[in-house]
Amino acid sequence: MQIFLARTQGFCAGVARAIEIVERALKSYGTPLYVFHEIVHNTSVVNSFISRGVIFVDNITSVPEGSRIIFSAHGVSPAILNEASKKKLETMDATCPLVTKVHQEAVQFSNSNIDVILIGHKGHEEVVGTSGYVKPELLHIVSHADDIAKLDIPPHKKVAFITQTTLSVDDTRELILKLRAKFPRLTGPMRDDICYATQNRQDAIKELAKICAPDGMIIICGSSNSSNSNRLREKGEQLGVPSIIVDHAKDLDLNLLKNRNNIGISSGASVPRHLVDEIVNKICTAFPDTKLNTFDNPEENIIFPLPRI
Ligand code: SF4
């Protein structure tokens, strides 16, 4: 058996920054320290902070007045910022700068009174946060082609689109083409708002799929609520390679790997490297002749600056 580790995988710059903000806040201020939503969508990262006293909350109501709170990498709406301000919370913002860029686009279109079509998964924390930057009467959330057909906006109107950062690059391109066909005056970012990390990880899966098809398998290390991890698994499947998502090595059923030659392994943008190493070790222990192959990672130097803490 051969294992091929995806060229780009694991922590993106936005996740690394968000985790470092919590680390530094813990060091500088100790507990109690609140984080609004999971700081990133990874069970292991969240549990590790919980074990050190960090309290994760999904609403501001439960946070005592004057407490210190960090907003997660997915970003929050202005309504949450207002609530935090009313409760005199000490806030720190771990929103990924690439999500903040989408918020700015949302504000710009909304302030120009242009209907805004937000392409993304309804209910995902990033989409909920971004939605808050658009006047409610101008906001339309689109997840599938069917949603476009149902849009009740006159075709001659100028409309704008923005996107969640962690979508399928290929599916989003299709949706934007459909929007352009329906709304000739469609405006938006140059291409979409899908971030470099999502793009690179999906490209790396395409590379793995060529190696692993037709009788191999792709394993994505990631949590079930991680949007970008789910998109990686879907991409592997779309390219004809059976693909699974596992949170930890202990969740990997080795029976699935029997009689397969090439196994591709990748991980979502919020997955610590040691979790991937544990999966590799489990496979290599069970199948001792396994050969491990790696590629150069083009993302090594991407870093987002930290706020002052
Ligand atoms: S996946 Fe992209 S948008 Fe999300 S935190 Fe990482 S770099 Fe930022």
# chains A, B, ... in the order shown; residues from 1 in each chain; ligands from 1
$ residues_near_ligand --ligand "ligand 1" --cutoff "10 Å" --atoms "only C-alpha atoms and all ligand atoms" --output "PyMOL selection string"
chain A and resi 10-18+40-41+72-75+94-102+126+164-167+193-199+201+226-229+268-270+302-304
$ residues_around --residues "Arg173 of chain A" --least-positions-apart "3" --cutoff "12 Å" --atoms "only C-alpha atoms" --output "VMD selection string"
chain A and resid 119 144 to 145 161 163 167 to 170 176 to 180 190 to 194
$ closest_residue --among "A:Lys250, A:Asn262, A:Val107, A:Asn59" --to "Lys291 of chain A" --atoms "only C-alpha atoms"
A:Asn262
$ closest_residue --among "A:Ser224, A:Gln2, A:Thr31, A:Asn200" --to "Gly264 of chain A" --atoms "only C-alpha atoms"
A:Gln2
$ select_by_dssp --residues "segment 12-94 of chain A" --states "strand (DSSP E or B)" --output "number ranges by chain"
A: 33-36, 54-57, 68-71, 90-93
$ write_last_selection --atoms "N, CA and C atoms" --output "short mmCIF file (atom, residue, chain, number, x, y, z; two decimals), in the first residue's frame"
data_model
loop_
_atom_site.label_atom_id
_atom_site.label_comp_id
_atom_site.auth_asym_id
_atom_site.auth_seq_id
_atom_site.Cartn_x
_atom_site.Cartn_y
_atom_site.Cartn_z
N LEU A 33 -12.37 32.94 30.38
CA LEU A 33 -12.23 33.45 29.03
C LEU A 33 -13.33 32.80 28.19
N TYR A 34 -14.13 33.64 27.58
CA TYR A 34 -15.25 33.13 26.76
C TYR A 34 -14.88 33.20 25.28
N VAL A 35 -15.38 32.23 24.50
CA VAL A 35 -15.24 32.29 23.04
C VAL A 35 -16.63 32.10 22.44
N PHE A 36 -17.00 33.03 21.56
CA PHE A 36 -18.32 32.98 20.92
C PHE A 36 -18.25 32.00 19.75
N VAL A 54 -11.36 27.36 28.98
CA VAL A 54 -12.06 28.27 28.05
C VAL A 54 -13.54 27.85 27.98
N ILE A 55 -14.42 28.84 27.98
CA ILE A 55 -15.87 28.56 27.92
C ILE A 55 -16.39 28.98 26.55
N PHE A 56 -16.93 28.02 25.82
CA PHE A 56 -17.50 28.31 24.50
C PHE A 56 -18.99 28.56 24.65
N VAL A 57 -19.48 29.64 24.04
CA VAL A 57 -20.90 29.98 24.15
C VAL A 57 -21.47 30.24 22.76
N ARG A 68 -14.43 38.77 29.39
CA ARG A 68 -13.60 38.84 28.18
C ARG A 68 -14.08 37.77 27.20
N ILE A 69 -14.30 38.17 25.94
CA ILE A 69 -14.81 37.22 24.96
C ILE A 69 -14.07 37.37 23.63
N ILE A 70 -13.85 36.24 22.99
CA ILE A 70 -13.18 36.23 21.67
C ILE A 70 -14.21 35.78 20.63
N PHE A 71 -14.27 36.49 19.52
CA PHE A 71 -15.16 36.09 18.43
C PHE A 71 -14.40 35.12 17.52
N GLU A 90 -15.22 42.74 27.25
CA GLU A 90 -13.89 43.00 26.66
C GLU A 90 -13.79 42.07 25.46
N THR A 91 -13.80 42.62 24.26
CA THR A 91 -13.87 41.75 23.09
C THR A 91 -12.52 41.65 22.36
N MET A 92 -12.28 40.47 21.81
CA MET A 92 -11.14 40.26 20.93
C MET A 92 -11.66 39.58 19.67
N ASP A 93 -11.18 40.01 18.53
CA ASP A 93 -11.76 39.52 17.28
C ASP A 93 -10.80 38.56 16.57
#
$ residues_around --residues "His140 of chain A" --least-positions-apart "6" --cutoff "12 Å" --atoms "only C-alpha atoms" --output "list in words"
Ala106, Ser110, Ile114, Asp115, Val116, Ile117, Leu118, Ile119, Gly120, His121, Lys122, Val127, Thr130, Ser131, Gly132, Val134, Asp147, Ile148, Lys150, Leu151, Asp152, Ile153, Val159, Ala160, Phe161, Ile162 and Thr163 of chain A
$ write_last_selection --atoms "C-alpha atoms" --output "PDB file, in the first residue's frame"
ATOM      1  CA  ALA A 106     -21.568  43.071   2.041  1.00  0.00           C
ATOM      2  CA  SER A 110     -26.024  46.920   1.079  1.00  0.00           C
ATOM      3  CA  ILE A 114     -28.262  46.640  -4.166  1.00  0.00           C
ATOM      4  CA  ASP A 115     -29.903  43.247  -3.564  1.00  0.00           C
ATOM      5  CA  VAL A 116     -27.196  40.936  -2.219  1.00  0.00           C
ATOM      6  CA  ILE A 117     -27.164  37.231  -3.061  1.00  0.00           C
ATOM      7  CA  LEU A 118     -25.064  35.422  -0.490  1.00  0.00           C
ATOM      8  CA  ILE A 119     -23.956  32.025  -1.817  1.00  0.00           C
ATOM      9  CA  GLY A 120     -23.423  29.770   1.177  1.00  0.00           C
ATOM     10  CA  HIS A 121     -24.857  27.186   3.536  1.00  0.00           C
ATOM     11  CA  LYS A 122     -27.822  28.492   5.500  1.00  0.00           C
ATOM     12  CA  VAL A 127     -23.106  32.868   6.670  1.00  0.00           C
ATOM     13  CA  THR A 130     -22.052  37.857   6.999  1.00  0.00           C
ATOM     14  CA  SER A 131     -25.850  38.072   6.637  1.00  0.00           C
ATOM     15  CA  GLY A 132     -25.884  40.605   9.461  1.00  0.00           C
ATOM     16  CA  VAL A 134     -26.752  43.242   4.703  1.00  0.00           C
ATOM     17  CA  ASP A 147     -32.707  28.579  -4.832  1.00  0.00           C
ATOM     18  CA  ILE A 148     -31.701  30.684  -7.855  1.00  0.00           C
ATOM     19  CA  LYS A 150     -36.906  30.789  -6.767  1.00  0.00           C
ATOM     20  CA  LEU A 151     -35.270  34.243  -6.437  1.00  0.00           C
ATOM     21  CA  ASP A 152     -37.972  36.865  -6.688  1.00  0.00           C
ATOM     22  CA  ILE A 153     -35.915  39.800  -8.013  1.00  0.00           C
ATOM     23  CA  VAL A 159     -27.798  42.619  -7.983  1.00  0.00           C
ATOM     24  CA  ALA A 160     -24.562  41.620  -6.298  1.00  0.00           C
ATOM     25  CA  PHE A 161     -23.243  38.297  -5.101  1.00  0.00           C
ATOM     26  CA  ILE A 162     -20.847  37.425  -2.314  1.00  0.00           C
ATOM     27  CA  THR A 163     -19.859  33.950  -1.144  1.00  0.00           C
TER      28      THR A 163
END
$ decode --residues "segment 250-272 of chain A" --atoms "N, CA and C atoms" --output "compact mmCIF listing (two decimals), in the first residue's frame"
# COMPACT_ATOMS: atom_id res chain seq x y z
N LYS A 250 -8.81 6.97 15.85
CA LYS A 250 -9.62 5.89 16.44
C LYS A 250 -10.92 5.68 15.66
N ASP A 251 -11.35 6.67 14.90
CA ASP A 251 -12.59 6.53 14.11
C ASP A 251 -12.37 5.83 12.77
N LEU A 252 -11.10 5.59 12.42
CA LEU A 252 -10.82 5.00 11.11
C LEU A 252 -10.99 3.49 11.14
N ASP A 253 -11.87 2.97 10.30
CA ASP A 253 -12.11 1.53 10.18
C ASP A 253 -11.10 0.97 9.17
N LEU A 254 -10.10 0.25 9.66
CA LEU A 254 -9.03 -0.25 8.78
C LEU A 254 -9.54 -1.25 7.75
N ASN A 255 -10.68 -1.88 8.04
CA ASN A 255 -11.24 -2.84 7.06
C ASN A 255 -11.52 -2.16 5.73
N LEU A 256 -11.81 -0.83 5.79
CA LEU A 256 -12.11 -0.11 4.55
C LEU A 256 -10.89 -0.03 3.63
N LEU A 257 -9.71 -0.21 4.19
CA LEU A 257 -8.48 -0.01 3.40
C LEU A 257 -7.94 -1.30 2.80
N LYS A 258 -8.51 -2.44 3.22
CA LYS A 258 -8.01 -3.73 2.73
C LYS A 258 -8.15 -3.81 1.21
N ASN A 259 -7.11 -4.38 0.57
CA ASN A 259 -7.09 -4.59 -0.89
C ASN A 259 -7.11 -3.27 -1.68
N ARG A 260 -6.68 -2.19 -1.05
CA ARG A 260 -6.56 -0.93 -1.80
C ARG A 260 -5.06 -0.60 -1.91
N ASN A 261 -4.65 -0.06 -3.06
CA ASN A 261 -3.23 0.22 -3.26
C ASN A 261 -2.86 1.63 -2.80
N ASN A 262 -3.56 2.63 -3.33
CA ASN A 262 -3.16 4.02 -3.06
C ASN A 262 -4.19 4.71 -2.16
N ILE A 263 -3.70 5.22 -1.04
CA ILE A 263 -4.57 5.92 -0.08
C ILE A 263 -4.14 7.38 -0.04
N GLY A 264 -5.04 8.29 -0.36
CA GLY A 264 -4.75 9.72 -0.24
C GLY A 264 -5.24 10.23 1.10
N ILE A 265 -4.45 11.06 1.74
CA ILE A 265 -4.87 11.62 3.03
C ILE A 265 -4.76 13.14 2.99
N SER A 266 -5.83 13.80 3.40
CA SER A 266 -5.81 15.25 3.52
C SER A 266 -6.50 15.62 4.83
N SER A 267 -6.57 16.93 5.09
CA SER A 267 -7.25 17.37 6.31
C SER A 267 -7.81 18.76 6.08
N GLY A 268 -8.85 19.08 6.84
CA GLY A 268 -9.48 20.39 6.74
C GLY A 268 -8.57 21.48 7.27
N ALA A 269 -8.98 22.72 7.01
CA ALA A 269 -8.14 23.87 7.37
C ALA A 269 -8.05 24.12 8.87
N SER A 270 -8.85 23.38 9.67
CA SER A 270 -8.80 23.60 11.12
C SER A 270 -8.25 22.38 11.86
N VAL A 271 -7.52 21.53 11.14
CA VAL A 271 -7.07 20.26 11.74
C VAL A 271 -5.59 20.32 12.13
N PRO A 272 -5.28 20.08 13.41
CA PRO A 272 -3.87 20.05 13.82
C PRO A 272 -3.12 18.89 13.15
